[in-house]
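Below is the file protein-v3.cif, which contains mmCIF, C-alpha atoms.
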```
data_run
#
loop_
_atom_site.label_atom_id
_atom_site.label_comp_id
_atom_site.auth_asym_id
_atom_site.auth_seq_id
_atom_site.Cartn_x
_atom_site.Cartn_y
_atom_site.Cartn_z
CA MET U 608 0.00 0.00 0.00
CA THR U 609 1.43 3.33 -1.00
CA ASP U 610 1.79 5.95 1.74
CA LYS U 611 0.40 9.09 0.15
CA SER U 612 1.26 11.14 3.23
CA MET U 613 5.03 11.09 2.57
CA PRO U 614 5.05 13.69 -0.22
CA GLU U 615 2.80 15.87 1.90
CA ALA U 616 5.18 15.54 4.87
CA SER U 617 8.13 16.59 2.80
CA LYS U 618 6.29 19.51 1.26
CA PRO U 619 6.80 21.98 4.11
CA SER U 620 10.58 21.47 4.05
CA ASN U 621 10.61 22.10 0.30
CA GLU U 622 8.69 25.31 0.80
CA MET U 623 11.00 26.40 3.61
CA ALA U 624 14.13 26.18 1.46
CA PRO U 625 13.31 29.19 -0.75
CA ASP U 626 12.16 31.17 2.29
CA LEU U 627 15.41 30.46 4.11
CA ALA U 628 17.44 31.47 1.07
CA GLU U 629 15.47 34.72 0.84
CA ASP U 630 16.07 35.43 4.52
CA ILE U 631 19.81 34.83 4.14
CA ALA U 632 19.92 37.07 1.08
CA TYR U 633 18.06 39.78 2.98
CA VAL U 634 20.44 39.61 5.95
CA ARG U 635 23.40 39.68 3.58
CA THR U 636 21.98 42.77 1.87
CA LEU U 637 21.56 44.51 5.21
CA ALA U 638 25.14 43.62 6.16
CA GLU U 639 26.46 44.98 2.87
CA GLU U 640 24.47 48.19 3.24
CA GLY U 641 25.70 48.62 6.81
CA ARG U 642 29.31 47.98 5.82
CA ASN U 643 29.04 50.54 3.03
CA ALA U 644 27.07 53.10 5.05
CA PRO U 645 28.37 56.67 4.59
CA LEU U 646 30.33 58.40 7.31
CA VAL U 647 28.22 60.78 9.37
CA GLY U 648 30.91 62.83 11.11
CA GLY U 649 31.71 65.31 8.35
CA LEU U 650 30.32 68.19 10.38
CA PHE U 651 32.93 67.62 13.09
CA TYR U 652 35.73 67.87 10.51
CA VAL U 653 34.28 71.17 9.31
CA ILE U 654 33.91 72.53 12.84
CA TRP U 655 37.39 71.65 14.07
CA GLY U 656 39.15 72.33 10.79
CA GLY U 657 37.41 75.67 10.43
CA LEU U 658 38.03 76.79 14.01
CA ILE U 659 41.69 75.75 14.11
CA GLY U 660 42.27 77.10 10.61
CA LEU U 661 40.79 80.48 11.48
CA ALA U 662 42.76 80.60 14.74
CA ALA U 663 46.02 79.85 12.91
CA LEU U 664 45.22 82.41 10.23
CA SER U 665 44.48 85.10 12.81
CA VAL U 666 47.78 84.37 14.60
CA TYR U 667 49.62 84.60 11.27
CA LEU U 668 47.97 87.93 10.42
CA ASN U 669 48.79 89.21 13.89
CA ALA U 670 52.44 88.13 13.49
CA ILE U 671 52.88 90.00 10.20
CA GLY U 672 51.12 93.09 11.54
CA ALA U 673 48.01 92.86 9.36
CA ILE U 674 45.75 92.77 12.46
CA SER U 675 46.25 93.23 16.19
CA LEU U 676 45.02 90.68 18.72
CA GLY U 677 46.33 92.59 21.72
CA GLY U 678 48.25 91.19 24.63
CA LEU U 679 46.52 87.82 24.50
CA GLY U 680 47.19 87.36 20.81
CA GLY U 681 49.16 84.20 21.44
CA TYR U 682 46.45 82.50 23.49
CA ALA U 683 43.04 83.99 22.77
CA PRO U 684 42.44 82.43 19.31
CA TRP U 685 43.45 78.97 20.52
CA LEU U 686 41.44 79.16 23.73
CA GLY U 687 38.39 80.25 21.78
CA ALA U 688 38.83 77.57 19.10
CA VAL U 689 39.37 74.70 21.54
CA ALA U 690 36.56 75.72 23.89
CA LEU U 691 34.03 76.30 21.11
CA GLY U 692 35.12 73.12 19.33
CA TRP U 693 34.45 70.91 22.33
CA VAL U 694 31.16 72.65 23.15
CA LEU U 695 29.89 72.11 19.61
CA SER U 696 31.21 68.54 19.53
CA PHE U 697 29.33 67.51 22.65
CA THR U 698 26.24 69.49 21.66
CA LEU U 699 25.99 67.93 18.21
CA GLY U 700 27.44 64.54 19.09
CA ARG U 701 24.12 62.94 20.08
CA ARG U 702 22.46 64.24 16.94
CA MET U 703 25.14 62.67 14.77
CA GLY U 704 24.85 59.43 16.73
CA ARG U 705 21.16 59.12 15.74
CA LYS U 706 21.80 59.31 12.01
CA PRO U 707 21.31 56.16 9.94
CA GLY U 708 24.53 54.16 9.74
CA ALA U 709 26.12 55.78 12.79
CA GLY U 710 26.49 52.38 14.45
CA THR U 711 28.47 50.76 11.64
CA ILE U 712 32.09 49.72 12.08
CA GLY U 713 33.30 52.48 9.79
CA ASN U 714 31.50 55.22 11.69
CA GLN U 715 32.35 53.83 15.12
CA THR U 716 36.01 53.55 14.16
CA ALA U 717 36.07 57.09 12.76
CA MET U 718 34.36 58.60 15.79
CA SER U 719 36.59 56.72 18.24
CA VAL U 720 39.89 57.50 16.54
CA TRP U 721 39.07 61.18 16.07
CA PHE U 722 37.84 61.51 19.64
CA ALA U 723 41.17 60.06 20.80
CA VAL U 724 43.06 62.49 18.56
CA GLY U 725 41.10 65.41 19.99
CA ILE U 726 41.72 64.35 23.59
CA PHE U 727 45.45 63.89 22.96
CA MET U 728 45.91 67.22 21.20
CA THR U 729 43.97 69.09 23.87
CA ALA U 730 46.02 67.46 26.64
CA PHE U 731 49.24 68.10 24.70
CA TRP U 732 48.41 71.78 24.25
CA LEU U 733 47.43 72.27 27.90
CA THR U 734 50.66 70.59 28.97
CA LEU U 735 52.69 72.92 26.76
CA ILE U 736 51.04 75.88 28.46
CA ALA U 737 52.42 74.60 31.76
CA VAL U 738 55.93 73.60 30.67
CA HIS U 739 56.83 75.81 27.69
CA GLY U 740 59.15 78.01 29.78
CA ASN U 741 60.95 75.22 31.62
CA TYR U 742 63.71 74.73 29.06
CA VAL U 743 65.08 78.23 28.61
CA GLU U 744 68.32 77.25 30.37
CA ALA U 745 68.69 74.38 27.89
CA GLY U 746 68.63 76.88 25.03
CA LEU U 747 64.99 76.67 23.98
CA PRO U 748 63.18 80.03 23.74
CA ARG U 749 59.93 80.45 25.60
CA TYR U 750 56.92 79.33 23.55
CA PHE U 751 59.15 77.38 21.12
CA LEU U 752 57.55 74.08 22.11
CA PHE U 753 54.20 75.34 20.84
CA SER U 754 55.58 75.14 17.33
CA LEU U 755 55.49 71.34 17.66
CA MET U 756 51.69 71.38 17.79
CA PHE U 757 51.04 71.30 14.07
CA PRO U 758 53.72 68.80 13.06
CA VAL U 759 52.24 66.45 15.67
CA SER U 760 48.63 67.34 14.79
CA PHE U 761 48.96 66.72 11.08
CA GLY U 762 50.88 63.52 11.78
CA LEU U 763 47.96 62.28 13.88
CA TYR U 764 45.56 63.43 11.16
CA ALA U 765 47.39 61.17 8.72
CA VAL U 766 47.03 58.16 11.02
CA ALA U 767 43.37 58.90 11.79
CA PHE U 768 42.41 59.47 8.17
CA TYR U 769 44.13 56.28 7.06
CA ALA U 770 42.36 54.24 9.76
CA THR U 771 39.05 55.86 8.81
CA ALA U 772 39.64 55.18 5.12
CA VAL U 773 40.24 51.48 5.74
CA ALA U 774 37.34 51.03 8.17
CA ALA U 775 34.85 52.95 6.01
CA ARG U 776 36.17 51.70 2.66
CA LEU U 777 36.77 55.22 1.38
CA SER U 778 39.95 55.14 -0.65
CA TRP U 779 39.96 58.87 -1.32
CA LEU U 780 40.49 59.53 2.39
CA LYS U 781 43.92 57.93 1.98
CA LEU U 782 44.81 60.90 -0.22
CA ILE U 783 43.83 63.19 2.65
CA ALA U 784 46.06 61.10 4.91
CA VAL U 785 48.97 61.64 2.50
CA ALA U 786 48.23 65.38 2.37
CA SER U 787 48.16 65.51 6.18
CA LEU U 788 51.54 63.81 6.33
CA GLY U 789 52.85 66.36 3.84
CA PHE U 790 51.64 69.28 5.97
CA SER U 791 53.20 67.65 9.04
CA VAL U 792 56.60 67.47 7.36
CA LEU U 793 56.28 70.95 5.83
CA SER U 794 55.40 72.54 9.15
CA LEU U 795 58.55 71.04 10.67
CA PHE U 796 60.63 73.16 8.31
CA TYR U 797 59.00 76.35 9.64
CA LEU U 798 59.15 75.81 13.39
CA ALA U 799 58.54 78.95 15.45
CA SER U 800 57.89 81.11 12.38
CA ALA U 801 54.87 83.08 11.22
CA GLN U 802 54.86 81.05 8.02
CA GLN U 803 54.11 77.90 10.01
CA MET U 804 50.79 79.44 11.05
CA LEU U 805 49.90 80.10 7.42
CA ILE U 806 50.79 76.50 6.55
CA ALA U 807 48.69 75.31 9.49
CA ALA U 808 45.70 77.37 8.34
CA ILE U 809 45.91 76.05 4.78
CA GLY U 810 46.43 72.50 6.03
CA SER U 811 43.40 72.72 8.33
CA PHE U 812 41.15 73.80 5.49
CA VAL U 813 42.53 71.21 3.06
CA CYS U 814 42.79 68.25 5.45
CA ALA U 815 39.71 68.83 7.61
CA VAL U 816 37.20 71.29 6.17
CA LEU U 817 37.39 69.98 2.60
CA PRO U 818 36.87 66.26 3.43
CA GLY U 819 34.25 67.29 5.97
CA VAL U 820 32.21 69.09 3.32
CA ILE U 821 32.55 66.12 0.94
CA LEU U 822 31.39 63.71 3.63
CA MET U 823 28.47 65.92 4.62
CA ARG U 824 27.18 65.88 1.05
CA GLY U 825 26.97 62.09 1.20
CA GLU U 826 25.37 61.79 4.63
CA PRO U 827 21.78 60.59 5.08
CA SER U 828 19.58 63.52 6.06
CA GLU U 829 16.90 61.76 8.06
CA ILE U 830 17.16 61.10 11.80
CA VAL U 831 16.01 57.76 13.14
#
```

Show this structure as structure tokens.
Amino acid sequence: MTDKSMPEASKPSNEMAPDLAEDIAYVRTLAEEGRNAPLVGGLFYVIWGGLIGLAALSVYLNAIGAISLGGLGGYAPWLGAVALGWVLSFTLGRRMGRKPGAGTIGNQTAMSVWFAVGIFMTAFWLTLIAVHGNYVEAGLPRYFLFSLMFPVSFGLYAVAFYATAVAARLSWLKLIAVASLGFSVLSLFYLASAQQMLIAAIGSFVCAVLPGVILMRGEPSEIV
């Protein structure tokens, strides 16, 4: 006697196979979209690059006599840039974190590495304020150590941009990393000179503001 129930019993498993394949394809599509999600931190590049660039440009103009910043000309632009930069970063940070794709590996890597760069540079600068006059007897002029800020900053930019480029699969950011390295080396040749501030201003606009604007144009606009 033929058991007619066998084909019926096997039918559900046959129907499940296409469904399972569709589910796997869907999950794979989501993974690919997440891996290729655009970076959402372009605004931070624009903020920090713009503030530091303007501060460096104002110090350069003050040094060549084009403008006068008064007695606090050496500190005021930097204090204002750093303070405003961190205020805006923390104010806008949560908003950026709610954008689609903010939780992807590329975005998390970028945000983490740039946050670390910001913390280091702020701590480095504050330390220089405390120790810049401690080496006069060794032959270093007061304030000379401050001229190391931009060689170190652009060097860290190069590392951060390269890491971001690899994590976010954005090859063009590697070009920004190379440019940052170039500005780091160039600023070493102009230590403690007014020209270094001009180089720093140009480098900030090229290596931070420009990629920030490009990234912002590719960001998703909706908040989830």

- [ ] Would you kindly return, as a ChimeraX atom specification, each protein, DNA or RNA residue with an atom no farther than 12 Å from any atom of Ser787 (chain U), considering only C-alpha atoms and excluding same-chain residues fewer than 3 positions away?
- [x] /U:757-769,780-784,790-794,806-807,809-815,818

- [ ] Could you tell me how far CA of Ser696 (chain U) lies from CA of Phe651 (chain U), in Å and to one decimal?
- [x]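 That distance, rounded to one decimal, is 6.7 Å.
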
Open item on the list: When you look at Leu699 (chain U) with a cut-off of 12 Å (counting all atoms listed in the file), what residues show up, excluding the ones that are within fewer than 6 positions of it in the same chain? I need them as a list in words.
Closed with: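 The filter keeps Val647, Gly648, Gly649, Leu650, Phe651, Ile654, Leu691, Gly692, Trp693, Arg705 and Lys706 of chain U.
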
- [ ] Please write as a PyMOL selection string the full residue list that the PyMOL selection byres ((chain U and resi 733) around 12) yields on this file.
- [x] chain U and resi 682+685-686+689+726-732+734-739+752-753+756

Now that the selection is made, can you save its residues with C-alpha atoms as an mmCIF file, in the coordinates of the input?
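The resulting file, again-v9.cif, is reproduced below:
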```
data_model
loop_
_atom_site.group_PDB
_atom_site.id
_atom_site.type_symbol
_atom_site.label_atom_id
_atom_site.label_comp_id
_atom_site.auth_asym_id
_atom_site.auth_seq_id
_atom_site.Cartn_x
_atom_site.Cartn_y
_atom_site.Cartn_z
ATOM 1 C CA TYR U 682 46.450 82.500 23.490
ATOM 2 C CA TRP U 685 43.450 78.970 20.520
ATOM 3 C CA LEU U 686 41.440 79.160 23.730
ATOM 4 C CA VAL U 689 39.370 74.700 21.540
ATOM 5 C CA ILE U 726 41.720 64.350 23.590
ATOM 6 C CA PHE U 727 45.450 63.890 22.960
ATOM 7 C CA MET U 728 45.910 67.220 21.200
ATOM 8 C CA THR U 729 43.970 69.090 23.870
ATOM 9 C CA ALA U 730 46.020 67.460 26.640
ATOM 10 C CA PHE U 731 49.240 68.100 24.700
ATOM 11 C CA TRP U 732 48.410 71.780 24.250
ATOM 12 C CA THR U 734 50.660 70.590 28.970
ATOM 13 C CA LEU U 735 52.690 72.920 26.760
ATOM 14 C CA ILE U 736 51.040 75.880 28.460
ATOM 15 C CA ALA U 737 52.420 74.600 31.760
ATOM 16 C CA VAL U 738 55.930 73.600 30.670
ATOM 17 C CA HIS U 739 56.830 75.810 27.690
ATOM 18 C CA LEU U 752 57.550 74.080 22.110
ATOM 19 C CA PHE U 753 54.200 75.340 20.840
ATOM 20 C CA MET U 756 51.690 71.380 17.790
#
```

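Between CA of Met823 (chain U) and CA of Leu661 (chain U) lies a distance of 20.3 Å.
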
TODO: Give as a ChimeraX atom specification every residue, naming chains and numbers as the document does, that has an atom within 7 Å of (59.4, 72.0, 17.5), counting all atoms listed in the file.
DONE: /U:751-752,754-755,795,798

Let me have the centre and edge lengths of the axis-aligned box enclosing all listed atoms of region 737-756 of chain U with 5 Å padding on every side, in Å to one decimal, as AutoDock Vina command-line options.
```
--center_x 60.2 --center_y 75.9 --center_z 24.5 --size_x 27.0 --size_y 19.1 --size_z 24.4
```

Open item on the list: Going by the chain IDs and residue numbers used in this file, which residues fall under the PyMOL selection byres ((chain U and resi 665) around 12)? Write them as a count of residues only.
Closed with: 32

Open item on the list: Between CA of Leu646 (chain U) and CA of Arg701 (chain U), what distance in Å does the model show, to one decimal?
Closed with: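 Value for the CA of Leu646 (chain U)-CA of Arg701 (chain U) distance: 14.9 Å.
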
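Of the listed residues (U:Gly819, U:Ala709, U:Phe697, U:Asn741), U:Phe697 comes nearest to Phe722 (chain U); the distances count all atoms listed in the file.
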
For region 659-674 of chain U, write all heavy atoms out as a CSV table (one decimal), in the first residue's frame.
```csv
chain,number,residue,atom,x,y,z
U,659,ILE,N,40.2,75.8,14.0
U,659,ILE,CA,41.7,75.8,14.1
U,659,ILE,C,42.3,76.5,12.9
U,659,ILE,O,43.3,77.3,13.1
U,659,ILE,CB,42.2,74.3,14.2
U,659,ILE,CG1,41.7,73.6,15.4
U,659,ILE,CG2,43.7,74.3,14.2
U,659,ILE,CD1,42.1,74.2,16.7
U,660,GLY,N,41.7,76.4,11.8
U,660,GLY,CA,42.3,77.1,10.6
U,660,GLY,C,42.1,78.6,10.8
U,660,GLY,O,43.1,79.4,10.5
U,661,LEU,N,41.0,79.0,11.3
U,661,LEU,CA,40.8,80.5,11.5
U,661,LEU,C,41.7,81.0,12.6
U,661,LEU,O,42.2,82.1,12.5
U,661,LEU,CB,39.3,80.8,11.8
U,661,LEU,CG,38.3,80.6,10.7
U,661,LEU,CD1,36.9,80.8,11.2
U,661,LEU,CD2,38.6,81.6,9.5
U,662,ALA,N,41.9,80.2,13.7
U,662,ALA,CA,42.8,80.6,14.7
U,662,ALA,C,44.2,80.7,14.2
U,662,ALA,O,44.9,81.7,14.5
U,662,ALA,CB,42.7,79.6,15.9
U,663,ALA,N,44.7,79.8,13.5
U,663,ALA,CA,46.0,79.9,12.9
U,663,ALA,C,46.2,81.0,12.0
U,663,ALA,O,47.2,81.7,12.0
U,663,ALA,CB,46.4,78.5,12.2
U,664,LEU,N,45.2,81.3,11.2
U,664,LEU,CA,45.2,82.4,10.2
U,664,LEU,C,45.3,83.7,11.0
U,664,LEU,O,46.0,84.6,10.6
U,664,LEU,CB,44.0,82.4,9.3
U,664,LEU,CG,44.0,83.4,8.2
U,664,LEU,CD1,45.2,83.4,7.3
U,664,LEU,CD2,42.7,83.3,7.4
U,665,SER,N,44.5,83.9,12.0
U,665,SER,CA,44.5,85.1,12.8
U,665,SER,C,45.8,85.3,13.5
U,665,SER,O,46.3,86.5,13.6
U,665,SER,CB,43.4,85.1,13.9
U,665,SER,OG,43.6,84.1,14.8
U,666,VAL,N,46.5,84.2,14.0
U,666,VAL,CA,47.8,84.4,14.6
U,666,VAL,C,48.8,84.8,13.6
U,666,VAL,O,49.7,85.6,13.8
U,666,VAL,CB,48.2,83.0,15.3
U,666,VAL,CG1,49.6,83.1,15.7
U,666,VAL,CG2,47.3,82.8,16.5
U,667,TYR,N,48.7,84.2,12.4
U,667,TYR,CA,49.6,84.6,11.3
U,667,TYR,C,49.5,86.1,10.9
U,667,TYR,O,50.5,86.8,10.8
U,667,TYR,CB,49.4,83.7,10.1
U,667,TYR,CG,50.0,84.2,8.8
U,667,TYR,CD1,51.4,84.1,8.7
U,667,TYR,CD2,49.3,84.8,7.8
U,667,TYR,CE1,52.1,84.6,7.5
U,667,TYR,CE2,49.9,85.3,6.6
U,667,TYR,CZ,51.3,85.2,6.5
U,667,TYR,OH,51.9,85.6,5.4
U,668,LEU,N,48.2,86.5,10.8
U,668,LEU,CA,48.0,87.9,10.4
U,668,LEU,C,48.4,88.9,11.5
U,668,LEU,O,48.9,90.0,11.3
U,668,LEU,CB,46.5,88.1,10.1
U,668,LEU,CG,45.9,87.4,8.9
U,668,LEU,CD1,44.4,87.6,8.8
U,668,LEU,CD2,46.6,87.9,7.6
U,669,ASN,N,48.3,88.4,12.8
U,669,ASN,CA,48.8,89.2,13.9
U,669,ASN,C,50.3,89.3,13.9
U,669,ASN,O,50.9,90.3,14.1
U,669,ASN,CB,48.3,88.6,15.2
U,669,ASN,CG,48.8,89.3,16.4
U,669,ASN,OD1,48.3,90.4,16.7
U,669,ASN,ND2,49.8,88.8,17.2
U,670,ALA,N,51.0,88.2,13.5
U,670,ALA,CA,52.4,88.1,13.5
U,670,ALA,C,53.0,89.0,12.4
U,670,ALA,O,54.1,89.6,12.6
U,670,ALA,CB,52.9,86.7,13.3
U,671,ILE,N,52.3,89.2,11.3
U,671,ILE,CA,52.9,90.0,10.2
U,671,ILE,C,52.4,91.4,10.3
U,671,ILE,O,52.7,92.3,9.4
U,671,ILE,CB,52.5,89.4,8.8
U,671,ILE,CG1,51.0,89.4,8.6
U,671,ILE,CG2,53.1,88.0,8.7
U,671,ILE,CD1,50.6,89.0,7.2
U,672,GLY,N,51.6,91.7,11.3
U,672,GLY,CA,51.1,93.1,11.5
U,672,GLY,C,49.9,93.5,10.8
U,672,GLY,O,49.5,94.7,10.8
U,673,ALA,N,49.2,92.5,10.1
U,673,ALA,CA,48.0,92.9,9.4
U,673,ALA,C,46.8,93.2,10.3
U,673,ALA,O,45.9,94.0,9.9
U,673,ALA,CB,47.7,91.7,8.4
U,674,ILE,N,46.8,92.5,11.4
U,674,ILE,CA,45.8,92.8,12.5
U,674,ILE,C,46.4,92.8,13.8
U,674,ILE,O,47.6,92.4,13.9
U,674,ILE,CB,44.6,91.7,12.5
U,674,ILE,CG1,45.2,90.3,12.8
U,674,ILE,CG2,43.9,91.7,11.1
U,674,ILE,CD1,44.1,89.2,13.0
```
